[in-house]
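What follows is the content of data32.txt (compact mmCIF, C-alpha atoms).
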# COMPACT_ATOMS: atom_id res chain seq x y z
CA MET A 1 -196.59 192.13 -125.69
CA GLY A 2 -198.90 191.53 -122.75
CA THR A 3 -196.12 189.74 -120.89
CA LYS A 4 -193.72 192.60 -121.49
CA LEU A 5 -196.25 195.11 -120.24
CA LEU A 6 -196.86 193.02 -117.18
CA SER A 7 -193.10 192.62 -116.58
CA THR A 8 -192.65 196.38 -116.83
CA GLY A 9 -195.50 196.83 -114.37
CA ILE A 10 -193.89 194.39 -111.97
CA VAL A 11 -190.56 196.20 -112.24
CA HIS A 12 -192.34 199.40 -111.24
CA CYS A 13 -193.94 197.62 -108.30
CA VAL A 14 -190.74 196.07 -106.99
CA VAL A 15 -188.78 199.29 -107.38
CA ILE A 16 -191.45 201.01 -105.32
CA GLY A 17 -191.09 198.16 -102.82
CA ILE A 18 -187.32 198.56 -102.71
CA ALA A 19 -187.73 202.30 -102.34
CA SER A 20 -189.68 201.66 -99.14
CA VAL A 21 -186.61 199.87 -97.78
CA ALA A 22 -184.01 202.36 -98.97
CA SER A 23 -184.81 205.37 -101.06
CA ALA A 24 -182.99 205.99 -104.32
CA SER A 25 -181.21 209.03 -102.95
CA ASP A 26 -180.06 207.02 -99.94
CA TRP A 27 -178.61 204.40 -102.22
CA SER A 28 -176.82 206.73 -104.62
CA GLY A 29 -174.45 207.95 -101.92
CA SER A 30 -174.08 204.65 -100.12
CA PRO A 31 -170.85 202.63 -99.83
CA ALA A 32 -172.50 199.95 -101.97
CA ALA A 33 -173.20 202.50 -104.71
CA ARG A 34 -169.61 203.77 -104.57
CA ALA A 35 -168.29 200.21 -104.67
CA TRP A 36 -170.57 199.47 -107.61
CA GLU A 37 -169.25 202.50 -109.45
CA ARG A 38 -165.63 201.54 -108.71
CA ALA A 39 -166.18 197.98 -109.89
CA THR A 40 -168.28 198.62 -112.97
CA GLY A 41 -167.58 202.21 -113.89
CA THR A 42 -171.34 202.77 -114.04
CA THR A 43 -174.04 204.02 -111.68
CA ILE A 44 -177.61 202.97 -111.24
CA ASP A 45 -180.27 205.66 -111.26
CA LEU A 46 -183.15 204.07 -109.41
CA ALA A 47 -185.52 206.75 -110.68
CA THR A 48 -185.21 205.45 -114.22
CA GLU A 49 -183.33 202.15 -114.01
CA ALA A 50 -183.67 198.79 -112.31
CA PRO A 51 -181.03 196.06 -111.84
CA ILE A 52 -182.64 192.84 -112.95
CA LEU A 53 -181.14 189.43 -112.27
CA ASP A 54 -181.76 187.01 -115.09
CA GLY A 55 -179.96 183.71 -114.62
CA ASN A 56 -176.27 184.54 -114.50
CA MET A 57 -176.70 188.03 -115.92
CA LEU A 58 -177.36 191.18 -113.96
CA ARG A 59 -178.90 193.68 -116.35
CA ILE A 60 -179.48 197.34 -115.73
CA ILE A 61 -182.65 198.07 -117.63
CA ASP A 62 -184.54 201.22 -118.35
CA ARG A 63 -187.78 201.05 -116.39
CA ASN A 64 -189.79 202.80 -119.04
CA SER A 65 -188.49 201.35 -122.27
CA GLY A 66 -187.29 198.02 -120.92
CA GLU A 67 -184.02 198.42 -122.82
CA VAL A 68 -180.82 197.03 -121.34
CA GLY A 69 -178.33 199.76 -120.40
CA ALA A 70 -175.53 197.53 -119.14
CA GLU A 71 -175.12 193.91 -118.20
CA PHE A 72 -172.69 191.94 -116.08
CA VAL A 73 -172.00 188.28 -115.47
CA ALA A 74 -173.28 187.56 -111.96
CA PHE A 75 -173.08 184.55 -109.68
CA VAL A 76 -175.32 184.10 -106.67
CA THR A 77 -173.56 182.31 -103.81
CA ASN A 78 -176.14 182.47 -101.03
CA SER A 79 -179.69 183.64 -100.51
CA ILE A 80 -181.63 184.17 -97.30
CA PRO A 81 -185.37 184.53 -97.87
CA ILE A 82 -187.30 187.20 -96.07
CA ASP A 83 -191.04 187.14 -95.49
CA GLY A 84 -192.94 187.18 -98.72
CA VAL A 85 -195.77 189.56 -99.46
CA ARG A 86 -198.58 188.09 -101.49
CA GLY A 87 -201.83 189.44 -102.71
CA ASN A 88 -204.54 189.10 -105.27
CA LEU A 89 -206.21 191.72 -107.36
CA ASP A 90 -209.74 191.27 -108.56
CA ILE A 91 -210.29 192.68 -111.99
CA SER A 92 -213.58 191.73 -113.57
CA GLY A 93 -213.12 188.75 -115.81
CA PHE A 94 -209.56 188.14 -114.65
CA ASP A 95 -207.86 186.82 -111.57
CA VAL A 96 -204.55 188.61 -111.14
CA GLY A 97 -202.21 186.93 -108.67
CA VAL A 98 -199.26 188.99 -107.47
CA SER A 99 -196.43 187.71 -105.32
CA GLU A 100 -193.19 189.14 -104.05
CA GLN A 101 -190.43 187.20 -102.34
CA TYR A 102 -187.77 189.29 -100.68
CA SER A 103 -184.30 187.80 -100.14
CA LEU A 104 -180.92 188.97 -99.03
CA THR A 105 -178.65 187.50 -101.66
CA SER A 106 -174.88 187.36 -101.77
CA GLY A 107 -172.93 186.99 -104.94
CA PHE A 108 -170.38 188.54 -107.19
CA ILE A 109 -170.30 190.18 -110.57
CA VAL A 110 -167.37 189.81 -112.92
CA VAL A 111 -166.07 192.93 -114.61
CA GLY A 112 -162.90 192.75 -116.69
CA GLY A 113 -162.15 189.32 -115.28
CA GLU A 114 -162.21 190.60 -111.69
CA PRO A 115 -164.92 189.63 -109.23
CA ALA A 116 -166.68 192.29 -107.14
CA TYR A 117 -168.54 190.97 -104.11
CA PHE A 118 -171.92 192.36 -103.10
CA ALA A 119 -174.97 191.59 -101.00
CA PHE A 120 -178.17 192.30 -102.90
CA MET A 121 -181.66 193.02 -101.72
CA GLN A 122 -183.46 190.75 -104.12
CA VAL A 123 -187.14 190.84 -104.92
CA ASP A 124 -188.60 188.02 -106.97
CA ALA A 125 -191.90 189.38 -108.15
CA GLY A 126 -194.36 187.30 -110.06
CA ALA A 127 -197.73 187.98 -111.55
CA SER A 128 -200.21 185.72 -113.25
CA LEU A 129 -203.30 186.65 -115.14
CA ASP A 130 -205.91 183.92 -115.44
CA GLY A 131 -208.66 184.46 -117.93
CA THR A 132 -209.28 184.27 -121.61
CA ASP A 133 -205.73 185.47 -122.33
CA GLY A 134 -203.95 184.09 -119.25
CA PHE A 135 -200.20 184.29 -118.80
CA SER A 136 -197.67 184.69 -116.04
CA THR A 137 -194.26 186.21 -115.62
CA THR A 138 -191.58 186.67 -112.97
CA VAL A 139 -188.96 189.35 -112.53
CA SER A 140 -185.99 189.32 -110.11
CA LEU A 141 -184.76 192.71 -109.05
CA ALA A 142 -181.37 192.62 -107.29
CA MET A 143 -180.25 195.86 -105.70
CA PRO A 144 -176.65 195.94 -104.43
CA VAL A 145 -176.86 197.12 -100.83
CA LEU A 146 -173.50 196.07 -99.39
CA ALA A 147 -170.03 195.61 -100.85
CA PHE A 148 -167.27 193.31 -99.61
CA ASP A 149 -163.54 193.27 -100.20
CA ASN A 150 -163.35 189.49 -100.33
CA PRO A 151 -165.57 186.39 -100.26
CA LYS A 152 -164.54 185.55 -96.68
CA ASP A 153 -166.06 188.79 -95.33
CA GLN A 154 -169.12 188.15 -97.45
CA ASP A 155 -169.55 184.61 -96.10
CA GLU A 156 -169.12 185.79 -92.52
CA PHE A 157 -171.73 188.49 -93.03
CA MET A 158 -174.23 186.08 -94.54
CA GLY A 159 -173.55 183.60 -91.74
CA ASP A 160 -174.26 186.29 -89.14
CA VAL A 161 -177.44 187.29 -90.94
CA LEU A 162 -178.61 183.70 -91.13
CA THR A 163 -177.92 183.15 -87.43
CA ALA A 164 -179.77 186.32 -86.49
CA ALA A 165 -182.67 185.52 -88.78
CA ASN A 166 -183.02 181.96 -87.50
CA GLY A 167 -182.69 183.09 -83.91
CA GLY A 168 -185.93 184.95 -84.00
CA THR A 169 -188.19 183.33 -86.43
CA ASP A 170 -190.09 180.25 -87.41
CA GLY A 171 -190.93 181.73 -90.76
CA SER A 172 -193.17 184.42 -89.34
CA GLY A 173 -190.61 187.16 -88.99
CA GLY A 174 -187.09 187.70 -87.73
CA ILE A 175 -184.85 190.65 -88.22
CA PHE A 176 -186.14 191.12 -91.76
CA CYS A 177 -189.82 190.59 -91.24
CA MET A 178 -192.04 192.62 -93.50
CA ASP A 179 -195.79 192.41 -93.43
CA GLU A 180 -197.68 195.24 -95.03
CA THR A 181 -200.94 193.91 -93.62
CA TRP A 182 -199.75 194.05 -90.01
CA ARG A 183 -198.57 197.47 -88.94
CA GLY A 184 -198.83 199.36 -85.67
CA THR A 185 -200.21 202.83 -85.01
CA ASN A 186 -196.98 204.51 -86.04
CA GLY A 187 -196.35 202.18 -88.94
CA GLU A 188 -193.98 199.87 -87.10
CA GLU A 189 -193.63 196.24 -88.13
CA CYS A 190 -195.80 194.19 -85.76
CA CYS A 191 -194.25 190.96 -86.98
CA GLY A 192 -191.08 192.03 -85.16
CA TYR A 193 -192.90 191.48 -81.88
CA LEU A 194 -194.06 188.07 -83.06
CA ALA A 195 -190.51 187.21 -84.05
CA ALA A 196 -189.24 188.28 -80.64
CA TYR A 197 -192.02 186.26 -78.98
CA ASN A 198 -191.13 183.17 -80.99
CA ALA A 199 -187.47 183.62 -80.10
CA ASN A 200 -188.33 183.88 -76.42
CA ILE A 201 -190.54 180.79 -76.62
CA GLU A 202 -187.60 178.96 -78.12
CA GLY A 203 -185.64 180.08 -75.06
CA CYS A 204 -188.32 178.56 -72.81
CA ARG A 205 -188.07 175.30 -74.77
CA ARG A 206 -184.29 175.22 -74.50
CA ASP A 207 -184.56 175.73 -70.76
CA TRP A 208 -187.04 172.86 -70.51
CA TRP A 209 -184.62 170.51 -72.27
CA LYS A 210 -181.82 171.62 -69.97
CA HIS A 211 -184.01 170.81 -66.98
CA LEU A 212 -184.82 167.43 -68.50
CA TRP A 213 -181.12 166.56 -68.69
CA GLY A 214 -180.81 167.58 -65.06
CA CYS A 215 -183.78 165.43 -64.10
CA VAL A 216 -182.03 162.32 -65.43
CA ALA A 217 -179.18 163.05 -63.05
CA VAL A 218 -181.61 163.75 -60.21
CA GLY A 219 -183.49 160.47 -60.81
CA ALA A 220 -180.40 158.30 -61.26
CA GLY A 221 -178.50 160.00 -58.45
CA GLY A 222 -181.45 159.90 -56.05
CA GLY A 223 -181.97 156.17 -56.56
CA TRP A 224 -178.25 155.45 -56.28
CA THR A 225 -177.81 157.49 -53.09
CA PHE A 226 -180.70 155.66 -51.47
CA ALA A 227 -179.29 152.33 -52.61
CA GLN A 228 -175.91 153.14 -51.02
CA TRP A 229 -177.51 153.83 -47.68
CA CYS A 230 -180.04 151.00 -47.84
CA LEU A 231 -177.56 148.30 -48.89
CA LYS A 232 -175.32 149.15 -45.94
CA THR A 233 -178.18 148.35 -43.62
CA CYS A 234 -178.40 144.88 -45.20
CA ILE A 235 -174.78 143.93 -44.43
CA PRO A 236 -175.39 142.90 -40.81
CA VAL A 237 -178.40 140.81 -41.82
CA PRO A 238 -177.44 137.08 -41.92
CA PRO A 239 -178.11 135.03 -45.08
CA PRO A 240 -180.50 134.32 -46.67
CA GLY A 241 -182.25 137.42 -45.28
CA ASN A 242 -179.57 139.76 -46.61
CA ALA A 243 -180.42 138.82 -50.21
CA ALA A 244 -184.05 139.68 -49.68
CA CYS A 245 -182.94 142.87 -47.96
CA ALA A 246 -180.73 143.79 -50.95
CA LYS A 247 -183.53 143.00 -53.39
CA GLY A 248 -185.84 145.22 -51.42
CA CYS A 249 -183.22 147.97 -51.46
CA LEU A 250 -182.77 147.74 -55.22
CA ILE A 251 -186.50 147.85 -55.88
CA ALA A 252 -186.93 150.77 -53.47
CA SER A 253 -184.00 152.54 -55.12
CA GLY A 254 -185.61 152.16 -58.52
CA VAL A 255 -188.93 153.47 -57.24
CA ILE A 256 -187.24 156.42 -55.52
CA GLY A 257 -185.32 157.18 -58.70
CA LEU A 258 -188.56 157.02 -60.70
CA GLU A 259 -190.36 159.34 -58.30
CA ALA A 260 -187.47 161.78 -58.11
CA ALA A 261 -187.35 161.95 -61.91
CA ILE A 262 -191.12 162.45 -62.20
CA VAL A 263 -191.19 165.20 -59.57
CA CYS A 264 -188.21 166.89 -61.21
CA VAL A 265 -189.76 166.80 -64.70
CA LEU A 266 -193.08 168.08 -63.33
CA ALA A 267 -191.20 171.00 -61.75
CA ALA A 268 -189.50 171.64 -65.10
CA ASN A 269 -192.93 171.58 -66.75
CA ASP A 270 -194.21 174.18 -64.28
CA ALA A 271 -191.21 176.39 -65.00
CA TYR A 272 -191.80 176.02 -68.74
CA GLU A 273 -195.49 176.89 -68.47
CA GLY A 274 -194.62 179.91 -66.34
CA CYS A 275 -192.12 181.01 -68.95
CA LEU A 276 -194.75 180.62 -71.72
CA ALA A 277 -197.30 182.63 -69.75
CA ARG A 278 -194.83 185.47 -69.11
CA GLU A 279 -193.74 185.65 -72.74
CA ARG A 280 -197.31 185.50 -73.99
CA ALA A 281 -198.36 188.32 -71.66
CA ALA A 282 -195.39 190.44 -72.75
CA TYR A 283 -196.16 189.77 -76.42
CA ILE A 284 -199.82 190.72 -76.09
CA LEU A 285 -198.84 193.83 -74.14
CA ASN A 286 -196.38 194.81 -76.88
CA LEU A 287 -199.02 194.42 -79.58
CA THR A 288 -201.56 196.39 -77.55
CA ASN A 289 -199.12 199.19 -76.73
CA HIS A 290 -198.16 199.61 -80.37
CA GLY A 291 -201.66 199.40 -81.79
CA CYS A 292 -201.05 196.09 -83.54
CA GLU A 293 -203.83 193.69 -84.41
CA LEU A 294 -203.65 190.68 -82.07
CA ARG A 295 -202.37 187.61 -83.89
CA LEU A 296 -201.56 184.52 -81.89
CA PRO A 297 -199.17 182.00 -83.37
CA GLU A 298 -200.39 178.47 -83.93
CA GLY A 299 -199.04 175.57 -81.91
CA ASN A 300 -199.84 173.21 -79.10
CA ASP A 301 -198.19 175.18 -76.38
CA ARG A 302 -198.22 178.73 -77.66
CA MET B 1 -174.76 139.86 -59.00
CA ASN B 2 -173.89 138.79 -55.46
CA SER B 3 -176.38 138.96 -52.60
CA ILE B 4 -175.27 142.46 -51.67
CA PRO B 5 -173.87 144.55 -54.52
CA THR B 6 -170.35 145.83 -54.04
CA THR B 7 -169.42 149.50 -54.37
CA ILE B 8 -168.13 148.86 -57.88
CA GLN B 9 -171.37 147.15 -58.84
CA SER B 10 -173.44 150.00 -57.48
CA LEU B 11 -171.29 152.52 -59.38
CA ILE B 12 -171.88 150.48 -62.52
CA MET B 13 -175.60 150.65 -61.74
CA LEU B 14 -175.35 154.43 -61.47
CA ALA B 15 -173.54 154.64 -64.80
CA ILE B 16 -176.08 152.39 -66.52
CA THR B 17 -179.01 154.34 -65.08
CA LEU B 18 -177.49 157.65 -66.13
CA GLY B 19 -176.59 156.28 -69.55
CA ILE B 20 -180.05 154.92 -70.27
CA GLY B 21 -181.66 158.16 -69.04
CA ILE B 22 -179.37 160.25 -71.22
CA LEU B 23 -180.08 158.02 -74.21
CA ALA B 24 -183.82 158.40 -73.61
CA VAL B 25 -183.61 162.21 -73.50
CA LEU B 26 -181.32 162.22 -76.51
CA ALA B 27 -183.78 160.08 -78.45
CA LEU B 28 -186.67 162.39 -77.55
CA ARG B 29 -184.63 165.49 -78.40
CA THR B 30 -183.59 164.03 -81.74
CA PHE B 31 -186.65 162.23 -82.98
CA ALA B 32 -189.65 163.82 -81.27
CA PRO B 33 -188.78 167.20 -79.78
CA ASP B 34 -192.17 168.76 -80.49
CA TRP B 35 -194.05 165.71 -79.29
CA ALA B 36 -192.02 165.72 -76.05
CA ILE B 37 -192.82 169.38 -75.38
CA ALA B 38 -196.49 168.82 -76.15
CA ASN B 39 -196.66 165.73 -73.91
CA ARG B 40 -194.56 166.98 -71.02
CA ASN B 41 -196.36 165.01 -68.31
CA LEU B 42 -195.97 161.79 -70.25
CA VAL B 43 -192.27 162.54 -70.61
CA SER B 44 -191.94 162.66 -66.83
CA ILE B 45 -193.33 159.11 -66.62
CA ILE B 46 -191.12 157.92 -69.47
CA ILE B 47 -187.96 159.29 -67.88
CA GLY B 48 -188.97 157.87 -64.48
CA SER B 49 -189.67 154.45 -65.96
CA VAL B 50 -186.40 154.43 -67.86
CA ILE B 51 -184.57 155.05 -64.60
CA LEU B 52 -186.53 152.31 -62.81
CA VAL B 53 -185.74 149.60 -65.37
CA PRO B 54 -182.01 149.02 -64.59
CA TRP B 55 -182.80 148.56 -60.90
CA LEU B 56 -185.46 145.97 -61.68
CA VAL B 57 -183.05 144.17 -64.03
CA ALA B 58 -180.49 144.14 -61.23
CA VAL B 59 -183.03 142.53 -58.90
CA VAL B 60 -183.82 139.82 -61.44
CA ARG B 61 -180.13 139.13 -62.04
CA MET B 62 -179.26 138.80 -58.35
CA ARG B 63 -177.96 135.38 -57.36
CA LYS B 64 -180.40 133.25 -55.53
CA PRO B 65 -179.24 132.58 -51.94
CA VAL B 66 -177.73 129.12 -51.43
Please re-express this file's structure in structure tokens.
Amino acid sequence: MGTKLLSTGIVHCVVIGIASVASASDWSGSPAARAWERATGTTIDLATEAPILDGNMLRIIDRNSGEVGAEFVAFVTNSIPIDGVRGNLDISGFDVGVSEQYSLTSGFIVVGGEPAYFAFMQVDAGASLDGTDGFSTTVSLAMPVLAFDNPKDQDEFMGDVLTAANGGTDGSGGIFCMDETWRGTNGEECCGYLAAYNANIEGCRRDWWKHLWGCVAVGAGGGWTFAQWCLKTCIPVPPPGNAACAKGCLIASGVIGLEAAIVCVLAANDAYEGCLARERAAYILNLTNHGCELRLPEGNDR
Amino acid sequence: MNSIPTTIQSLIMLAITLGIGILAVLALRTFAPDWAIANRNLVSIIIGSVILVPWLVAVVRMRKPV
């Protein structure tokens, strides 16, 4: 009974969470809602119902009674996690742990033998109650937010999302970042600035590697060019002096190549550090301008 | 290697130097990218040394004058 009550409470929480992303009225007229209605012949009233993913079943349950209104066979094909929101409540005598993991999930439901392809905003919400009567439970709410005509379009969409998400995040944000504890003056997501900063730092790193490749060519080419010139000067020298001359040329070529490579890499390092400084300044300015608490990412060079 | 390297031999030297340098960067990029970024100055010495080695090997392998 306690678990059921807790599950119902979690459903309420995640529906409220979903509502902050897209309100119920927004959803009811959306293309995803129309596609859902076409595919299943049913609608979802977010005010009273919640679509819950349980294994390979997507159940539309009544939020108050917990009764199942409709259920469909569902298969998840891909899932891209979004920043989780975690917290703890302190109730005397109990330690209540609450966690939510947001994901953009692709999959299909099967109705009358026909698949219907959707992208779902999924929230895996868990709660545990430690104490004399401790227990834990998890609920997965999966709200259809996009519909696709075929799996190819769905795969392409998820691929684009994954690319975009990876492009701007090291787990701290990205295009989907959500952090209730880090908001700006006007309620904007501050983690977006961190995600942009991380993406720009990645750009600085990529540039440094490009310079490093170039420095190999500079070092090798510098030494070789010197060797070409130097060895020519040894040709008129009679033996055995010409061998010593050539040896000297080769050693000097190696040293010149070494120095050219070192100077080139040091210049690349300077460019990288300049890039870091610019991005860091821009990031701090962004946080300051938007009233965000200053949070600096961890790392050797950040 | 003869007393004075021919053009072909010096081109081979260039190819070897480039090849070893590229392999060194590739190894860093693959196996220790974060370490390389964090130890940038050391990387400059590593790349320089890698480029120096083939020239020193060429010196050692040169024929002694008769």
What are the closest atom pairs, with distances in Å to one decimal, for all residues of range 1-63 of chain B lying within 6 Å of range 201-225 of chain A? Consider all atoms listed in the file, order rows by chain and residue number, and present the result as a Markdown table.
| residue | atom | partner | partner_atom | distance |
| --- | --- | --- | --- | --- |
| B:Thr17 | CA | A:Ala220 | CA | 5.7 |
| B:Leu18 | CA | A:Ala220 | CA | 5.7 |
| B:Gly21 | CA | A:Val216 | CA | 5.5 |
Each side padded by 5 Å, which centre and which edge lengths in Å (one decimal) define the axis-aligned box around the listed atoms of range 30-48 of chain B? Give them as AutoDock Vina command-line options.
--center_x -190.1 --center_y 163.6 --center_z -73.7 --size_x 23.1 --size_y 21.5 --size_z 28.5
Q.
Please find the residues of chain A near chain B - the criterion being any atom within 9 Å, counting only C-alpha atoms - and write them as an NGL selection string.
A. :A and (205 or 208-209 or 212-213 or 215-217 or 219-221 or 223-224 or 227-228 or 231-232 or 234-235 or 239-248 or 250-266 or 269 or 300-301)
Q: Measure the distance from CA of Gln154 in chain A to CA of Asn56 in chain A in Å and round it to one decimal.
A: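 That distance, rounded to one decimal, is 18.8 Å.
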Q. By how many Å are CA of Leu276 in chain A and CA of Cys190 in chain A apart?
A.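 So the answer is 19.6 Å.
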(Q) Could you check which residues have any atom within 6 Å of (-184.9, 189.2, -98.1), counting only C-alpha atoms with coordinates taken straight from the file, and then list them as an MDAnalysis selection string? (A) chainID A and resid 81:82 102:104
Q: Return the single residue from A:Ala267, A:Cys275, A:Val237, A:Leu53 that is closest to Asn200 in chain A, with distances computed using only C-alpha atoms.
A: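 Answer, going by the shortest atom-to-atom distance: A:Cys275.
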Q. Interatomic distance between CA of Cys191 in chain A and CA of Leu146 in chain A?
A. 24.7 Å
